[in-house]
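Structure below is query_38.cif: mmCIF, C-alpha atoms.
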data_entry
loop_
_atom_site.label_atom_id
_atom_site.label_comp_id
_atom_site.auth_asym_id
_atom_site.auth_seq_id
_atom_site.Cartn_x
_atom_site.Cartn_y
_atom_site.Cartn_z
CA MET A 1 106.36 86.17 103.73
CA ALA A 2 108.07 87.89 100.80
CA LYS A 3 109.94 91.13 101.35
CA VAL A 4 108.81 93.92 99.04
CA GLY A 5 111.34 96.64 98.36
CA ARG A 6 110.60 100.27 97.72
CA PHE A 7 109.03 101.50 94.51
CA VAL A 8 111.52 103.39 92.37
CA VAL A 9 110.04 105.75 89.78
CA ASP A 10 112.03 107.50 87.06
CA PRO A 11 109.86 109.61 84.71
CA LYS A 12 112.17 108.77 81.77
CA ALA A 13 112.97 105.13 82.50
CA GLY A 14 109.82 103.80 84.15
CA ALA A 15 109.30 102.23 87.56
CA TYR A 16 110.39 99.06 89.31
CA CYS A 17 110.26 97.20 92.59
CA THR A 18 112.37 94.31 93.90
CA ILE A 19 110.73 91.44 95.77
CA THR A 20 112.58 88.74 97.72
CA LEU A 21 110.40 85.63 97.73
CA ASP A 22 110.21 83.13 100.61
CA SER A 23 112.50 80.81 98.61
CA GLY A 24 115.21 83.50 98.70
CA GLU A 25 114.85 84.16 94.99
CA LYS A 26 114.71 87.81 93.97
CA VAL A 27 112.53 89.22 91.22
CA ILE A 28 112.19 92.69 89.76
CA VAL A 29 108.78 93.92 88.67
CA ASN A 30 109.29 96.59 86.01
CA HIS A 31 106.81 98.92 84.28
CA ASP A 32 108.49 100.64 81.35
CA LYS A 33 106.32 103.76 81.48
CA GLY A 34 106.18 104.25 85.23
CA GLY A 35 102.78 105.92 85.04
CA THR A 36 99.29 104.66 85.42
CA LYS A 37 98.56 103.31 81.96
CA GLY A 38 99.88 101.34 79.03
CA GLY A 39 103.28 100.12 78.07
CA SER A 40 104.72 96.82 79.12
CA LEU A 41 105.25 95.16 82.46
CA THR A 42 107.90 92.50 83.02
CA ILE A 43 109.00 90.35 85.92
CA GLU A 44 112.55 89.06 85.91
CA LYS A 45 114.39 86.73 88.24
CA THR A 46 117.70 88.36 89.08
CA GLY A 47 121.00 86.54 88.72
CA TRP A 48 124.03 86.72 90.98
CA PHE A 49 124.55 90.19 92.45
CA GLY A 50 121.47 91.41 90.56
CA LEU A 51 123.18 90.88 87.20
CA GLY A 52 121.77 88.99 84.29
CA GLY A 53 118.53 87.32 84.97
CA GLU A 54 115.67 85.50 83.40
CA ARG A 55 112.39 86.99 82.27
CA VAL A 56 109.62 85.00 83.90
CA PHE A 57 106.62 87.10 82.83
CA ALA A 58 105.80 89.83 80.33
CA CYS A 59 102.55 91.64 79.69
CA ASN A 60 101.67 94.20 77.03
CA LEU A 61 99.31 96.43 78.98
CA ASP A 62 97.88 97.87 75.75
CA SER A 63 96.72 94.44 74.50
CA PRO A 64 93.20 93.15 75.22
CA GLU A 65 94.66 90.56 77.65
CA GLY A 66 96.74 93.22 79.40
CA LYS A 67 93.80 95.58 79.74
CA ALA A 68 91.64 92.78 81.13
CA ALA A 69 94.36 91.78 83.62
CA MET A 70 94.74 95.38 84.79
CA ALA A 71 90.98 95.73 85.20
CA ARG A 72 90.91 92.60 87.42
CA LEU A 73 93.96 93.63 89.45
CA THR A 74 92.85 97.20 90.08
CA ALA A 75 89.16 96.52 90.74
CA GLY A 76 88.25 98.32 93.95
CA ALA A 77 91.62 100.06 94.31
CA PRO A 78 91.44 103.75 95.23
CA ALA A 79 92.35 105.77 92.13
CA ASP A 80 95.14 107.64 93.91
CA SER A 81 96.75 104.54 95.44
CA ALA A 82 99.84 102.66 94.27
CA ARG A 83 97.63 99.61 93.77
CA ALA A 84 95.83 101.46 90.96
CA THR A 85 99.08 101.59 88.94
CA PRO A 86 100.41 98.69 86.86
CA LEU A 87 103.49 98.34 89.07
CA GLY A 88 101.52 98.43 92.30
CA ALA A 89 98.83 96.08 91.01
CA PHE A 90 101.30 93.43 89.84
CA VAL A 91 103.43 93.70 93.00
CA GLU A 92 100.28 93.18 95.06
CA HIS A 93 99.35 90.20 92.87
CA VAL A 94 102.68 88.35 93.23
CA LYS A 95 103.96 89.41 96.65
CA ASP A 96 102.58 86.30 98.36
CA CYS A 97 104.25 83.85 95.97
CA LYS A 98 106.75 81.59 97.68
CA SER A 99 108.88 80.83 94.59
CA VAL A 100 109.46 81.90 91.01
CA GLU A 101 107.61 78.80 89.79
CA GLU A 102 104.55 79.78 91.82
CA LEU A 103 104.84 83.34 90.48
CA LYS A 104 104.95 82.06 86.88
CA ALA A 105 101.82 79.98 87.42
CA LYS A 106 99.94 82.80 89.12
CA CYS A 107 100.77 85.27 86.31
CA ALA A 108 99.95 82.77 83.56
CA GLY A 109 96.58 82.20 85.20
CA LEU A 110 95.96 85.93 85.28
CA LEU A 111 96.35 86.30 81.52
CA SER A 112 94.42 83.17 80.67
CA SER A 113 91.38 83.88 82.86
CA HIS A 114 88.53 86.01 81.61
#
In structure tokens, what does this structure look like?
Amino acid sequence: MAKVGRFVVDPKAGAYCTITLDSGEKVIVNHDKGGTKGGSLTIEKTGWFGLGGERVFACNLDSPEGKAAMARLTAGAPADSARATPLGAFVEHVKDCKSVEELKAKCAGLLSSH
């Protein structure tokens, strides 16, 4: 099972969380606003020593697709829980992925489903 790191929130820089997948690959889930609404959310595979990296998913949370994805991911989540935030919702969505390829497919499916 993947290892989910702690949530780091900076009111000026946003929020992020590192996940180590079963494959050993590490990804960073980043919400640029760090709050509960809007902005953009990205997932990047980290390079050696956490440097560099490759963006594997991006979502504009203000777009119709982003709003629909957030509605699906946060359905039933208590309003005051981490799962009700973009960062918490996306971490919950991808934390069971075994590899970056599986994560890419799962996120692509999220944006394409209605």
Hits of the PyMOL selection byres ((chain A and resi 20) around 9) in this structure, as number ranges by chain: A: 2-5, 18-19, 21-28, 95
Identify all residues satisfying the PyMOL selection byres ((chain A and resi 103) around 10) in the given file; provide them as a tab-separated table (two decimals) with C-alpha atoms, in the frame of the given file.
chain	number	residue	atom	x	y	z
A	21	LEU	CA	110.40	85.63	97.73
A	27	VAL	CA	112.53	89.22	91.22
A	43	ILE	CA	109.00	90.35	85.92
A	56	VAL	CA	109.62	85.00	83.90
A	57	PHE	CA	106.62	87.10	82.83
A	93	HIS	CA	99.35	90.20	92.87
A	94	VAL	CA	102.68	88.35	93.23
A	95	LYS	CA	103.96	89.41	96.65
A	96	ASP	CA	102.58	86.30	98.36
A	97	CYS	CA	104.25	83.85	95.97
A	98	LYS	CA	106.75	81.59	97.68
A	99	SER	CA	108.88	80.83	94.59
A	100	VAL	CA	109.46	81.90	91.01
A	101	GLU	CA	107.61	78.80	89.79
A	102	GLU	CA	104.55	79.78	91.82
A	104	LYS	CA	104.95	82.06	86.88
A	105	ALA	CA	101.82	79.98	87.42
A	106	LYS	CA	99.94	82.80	89.12
A	107	CYS	CA	100.77	85.27	86.31
A	108	ALA	CA	99.95	82.77	83.56
A	109	GLY	CA	96.58	82.20	85.20
Computed interatomic separation between CA of Ser112 (chain A) and CA of Gly47 (chain A) (Å):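 CA of Gly47 (chain A) lies at a distance of 28.0 Å from CA of Ser112 (chain A).
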Selection near Tyr16 (chain A), 7 Å with all atoms listed in the file, sequence-local residues under 6 positions removed, as a PyMOL selection string: chain A and resi 7-9+28-31+87
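Counting from CA of Pro64 (chain A), the distance to CA of Gly14 (chain A) is 21.7 Å.
Across the structure, CA of Ser40 (chain A) and CA of Glu92 (chain A) are spaced 16.9 Å apart.
Excluding region 71-76 of chain A itself and same-chain residues fewer than 6 positions from it, the residues having an atom within 12 Å of it are Thr36, Lys37, Leu61, Asp62, Pro64, Glu65, Ala82, Arg83, Ala84, Thr85, Pro86, Leu87, Gly88, Ala89, Phe90, Val91, Glu92, His93, Val94, Cys107, Leu110, Leu111, Ser113 and His114 of chain A, counting only C-alpha atoms.
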Can you put N, CA and C atoms back into region 77-113 of chain A and show it as an mmCIF file, in the coordinates of the input?
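This went into out-v6.cif:
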data_model
loop_
_atom_site.group_PDB
_atom_site.id
_atom_site.type_symbol
_atom_site.label_atom_id
_atom_site.label_comp_id
_atom_site.auth_asym_id
_atom_site.auth_seq_id
_atom_site.Cartn_x
_atom_site.Cartn_y
_atom_site.Cartn_z
ATOM 1 N N ALA A 77 90.473 99.294 93.793
ATOM 2 C CA ALA A 77 91.620 100.060 94.310
ATOM 3 C C ALA A 77 91.318 101.552 94.238
ATOM 4 N N PRO A 78 91.621 102.295 95.293
ATOM 5 C CA PRO A 78 91.440 103.750 95.230
ATOM 6 C C PRO A 78 92.272 104.326 94.084
ATOM 7 N N ALA A 79 91.689 105.238 93.324
ATOM 8 C CA ALA A 79 92.350 105.770 92.130
ATOM 9 C C ALA A 79 93.694 106.425 92.407
ATOM 10 N N ASP A 80 93.877 106.957 93.593
ATOM 11 C CA ASP A 80 95.140 107.640 93.910
ATOM 12 C C ASP A 80 96.131 106.750 94.658
ATOM 13 N N SER A 81 95.862 105.450 94.708
ATOM 14 C CA SER A 81 96.750 104.540 95.440
ATOM 15 C C SER A 81 97.765 103.890 94.496
ATOM 16 N N ALA A 82 98.833 103.381 95.056
ATOM 17 C CA ALA A 82 99.840 102.660 94.270
ATOM 18 C C ALA A 82 99.222 101.427 93.632
ATOM 19 N N ARG A 83 98.258 100.823 94.295
ATOM 20 C CA ARG A 83 97.630 99.610 93.770
ATOM 21 C C ARG A 83 96.844 99.864 92.484
ATOM 22 N N ALA A 84 96.552 101.115 92.190
ATOM 23 C CA ALA A 84 95.830 101.460 90.960
ATOM 24 C C ALA A 84 96.783 101.602 89.770
ATOM 25 N N THR A 85 98.092 101.495 90.021
ATOM 26 C CA THR A 85 99.080 101.590 88.940
ATOM 27 C C THR A 85 99.475 100.182 88.502
ATOM 28 N N PRO A 86 99.978 100.021 87.282
ATOM 29 C CA PRO A 86 100.410 98.690 86.860
ATOM 30 C C PRO A 86 101.456 98.084 87.790
ATOM 31 N N LEU A 87 102.459 98.864 88.181
ATOM 32 C CA LEU A 87 103.490 98.340 89.070
ATOM 33 C C LEU A 87 102.896 97.901 90.403
ATOM 34 N N GLY A 88 102.123 98.760 91.014
ATOM 35 C CA GLY A 88 101.520 98.430 92.300
ATOM 36 C C GLY A 88 100.572 97.252 92.232
ATOM 37 N N ALA A 89 99.787 97.177 91.158
ATOM 38 C CA ALA A 89 98.830 96.080 91.010
ATOM 39 C C ALA A 89 99.530 94.736 90.864
ATOM 40 N N PHE A 90 100.585 94.691 90.050
ATOM 41 C CA PHE A 90 101.300 93.430 89.840
ATOM 42 C C PHE A 90 102.115 93.045 91.072
ATOM 43 N N VAL A 91 102.713 94.010 91.763
ATOM 44 C CA VAL A 91 103.430 93.700 93.000
ATOM 45 C C VAL A 91 102.457 93.096 94.008
ATOM 46 N N GLU A 92 101.306 93.699 94.148
ATOM 47 C CA GLU A 92 100.280 93.180 95.060
ATOM 48 C C GLU A 92 99.868 91.758 94.672
ATOM 49 N N HIS A 93 99.781 91.508 93.377
ATOM 50 C CA HIS A 93 99.350 90.200 92.870
ATOM 51 C C HIS A 93 100.364 89.095 93.171
ATOM 52 N N VAL A 94 101.652 89.402 93.101
ATOM 53 C CA VAL A 94 102.680 88.350 93.230
ATOM 54 C C VAL A 94 103.409 88.335 94.556
ATOM 55 N N LYS A 95 103.162 89.297 95.426
ATOM 56 C CA LYS A 95 103.960 89.410 96.650
ATOM 57 C C LYS A 95 103.816 88.226 97.601
ATOM 58 N N ASP A 96 102.772 87.454 97.481
ATOM 59 C CA ASP A 96 102.580 86.300 98.360
ATOM 60 C C ASP A 96 103.114 85.004 97.777
ATOM 61 N N CYS A 97 103.682 85.057 96.581
ATOM 62 C CA CYS A 97 104.250 83.850 95.970
ATOM 63 C C CYS A 97 105.479 83.410 96.754
ATOM 64 N N LYS A 98 105.621 82.116 96.914
ATOM 65 C CA LYS A 98 106.750 81.590 97.680
ATOM 66 C C LYS A 98 107.970 81.308 96.818
ATOM 67 N N SER A 99 107.769 81.143 95.493
ATOM 68 C CA SER A 99 108.880 80.830 94.590
ATOM 69 C C SER A 99 108.604 81.416 93.209
ATOM 70 N N VAL A 100 109.626 81.409 92.379
ATOM 71 C CA VAL A 100 109.460 81.900 91.010
ATOM 72 C C VAL A 100 108.496 81.009 90.240
ATOM 73 N N GLU A 101 108.532 79.708 90.487
ATOM 74 C CA GLU A 101 107.610 78.800 89.790
ATOM 75 C C GLU A 101 106.158 79.121 90.144
ATOM 76 N N GLU A 102 105.901 79.403 91.408
ATOM 77 C CA GLU A 102 104.550 79.780 91.820
ATOM 78 C C GLU A 102 104.146 81.110 91.183
ATOM 79 N N LEU A 103 105.089 82.048 91.110
ATOM 80 C CA LEU A 103 104.840 83.340 90.480
ATOM 81 C C LEU A 103 104.480 83.170 89.010
ATOM 82 N N LYS A 104 105.228 82.319 88.302
ATOM 83 C CA LYS A 104 104.950 82.060 86.880
ATOM 84 C C LYS A 104 103.529 81.532 86.698
ATOM 85 N N ALA A 105 103.159 80.573 87.529
ATOM 86 C CA ALA A 105 101.820 79.980 87.420
ATOM 87 C C ALA A 105 100.732 80.997 87.714
ATOM 88 N N LYS A 106 100.947 81.812 88.734
ATOM 89 C CA LYS A 106 99.940 82.800 89.120
ATOM 90 C C LYS A 106 99.761 83.843 88.003
ATOM 91 N N CYS A 107 100.853 84.273 87.394
ATOM 92 C CA CYS A 107 100.770 85.270 86.310
ATOM 93 C C CYS A 107 100.172 84.663 85.040
ATOM 94 N N ALA A 108 100.525 83.431 84.733
ATOM 95 C CA ALA A 108 99.950 82.770 83.560
ATOM 96 C C ALA A 108 98.446 82.638 83.724
ATOM 97 N N GLY A 109 98.004 82.311 84.922
ATOM 98 C CA GLY A 109 96.580 82.200 85.200
ATOM 99 C C GLY A 109 95.862 83.530 85.060
ATOM 100 N N LEU A 110 96.542 84.598 85.391
ATOM 101 C CA LEU A 110 95.960 85.930 85.280
ATOM 102 C C LEU A 110 95.636 86.281 83.833
ATOM 103 N N LEU A 111 96.558 85.964 82.925
ATOM 104 C CA LEU A 111 96.350 86.300 81.520
ATOM 105 C C LEU A 111 95.400 85.341 80.825
ATOM 106 N N SER A 112 95.289 84.117 81.330
ATOM 107 C CA SER A 112 94.420 83.170 80.670
ATOM 108 C C SER A 112 92.979 83.222 81.155
ATOM 109 N N SER A 113 92.746 83.816 82.332
ATOM 110 C CA SER A 113 91.380 83.880 82.860
ATOM 111 C C SER A 113 90.632 85.069 82.279
#
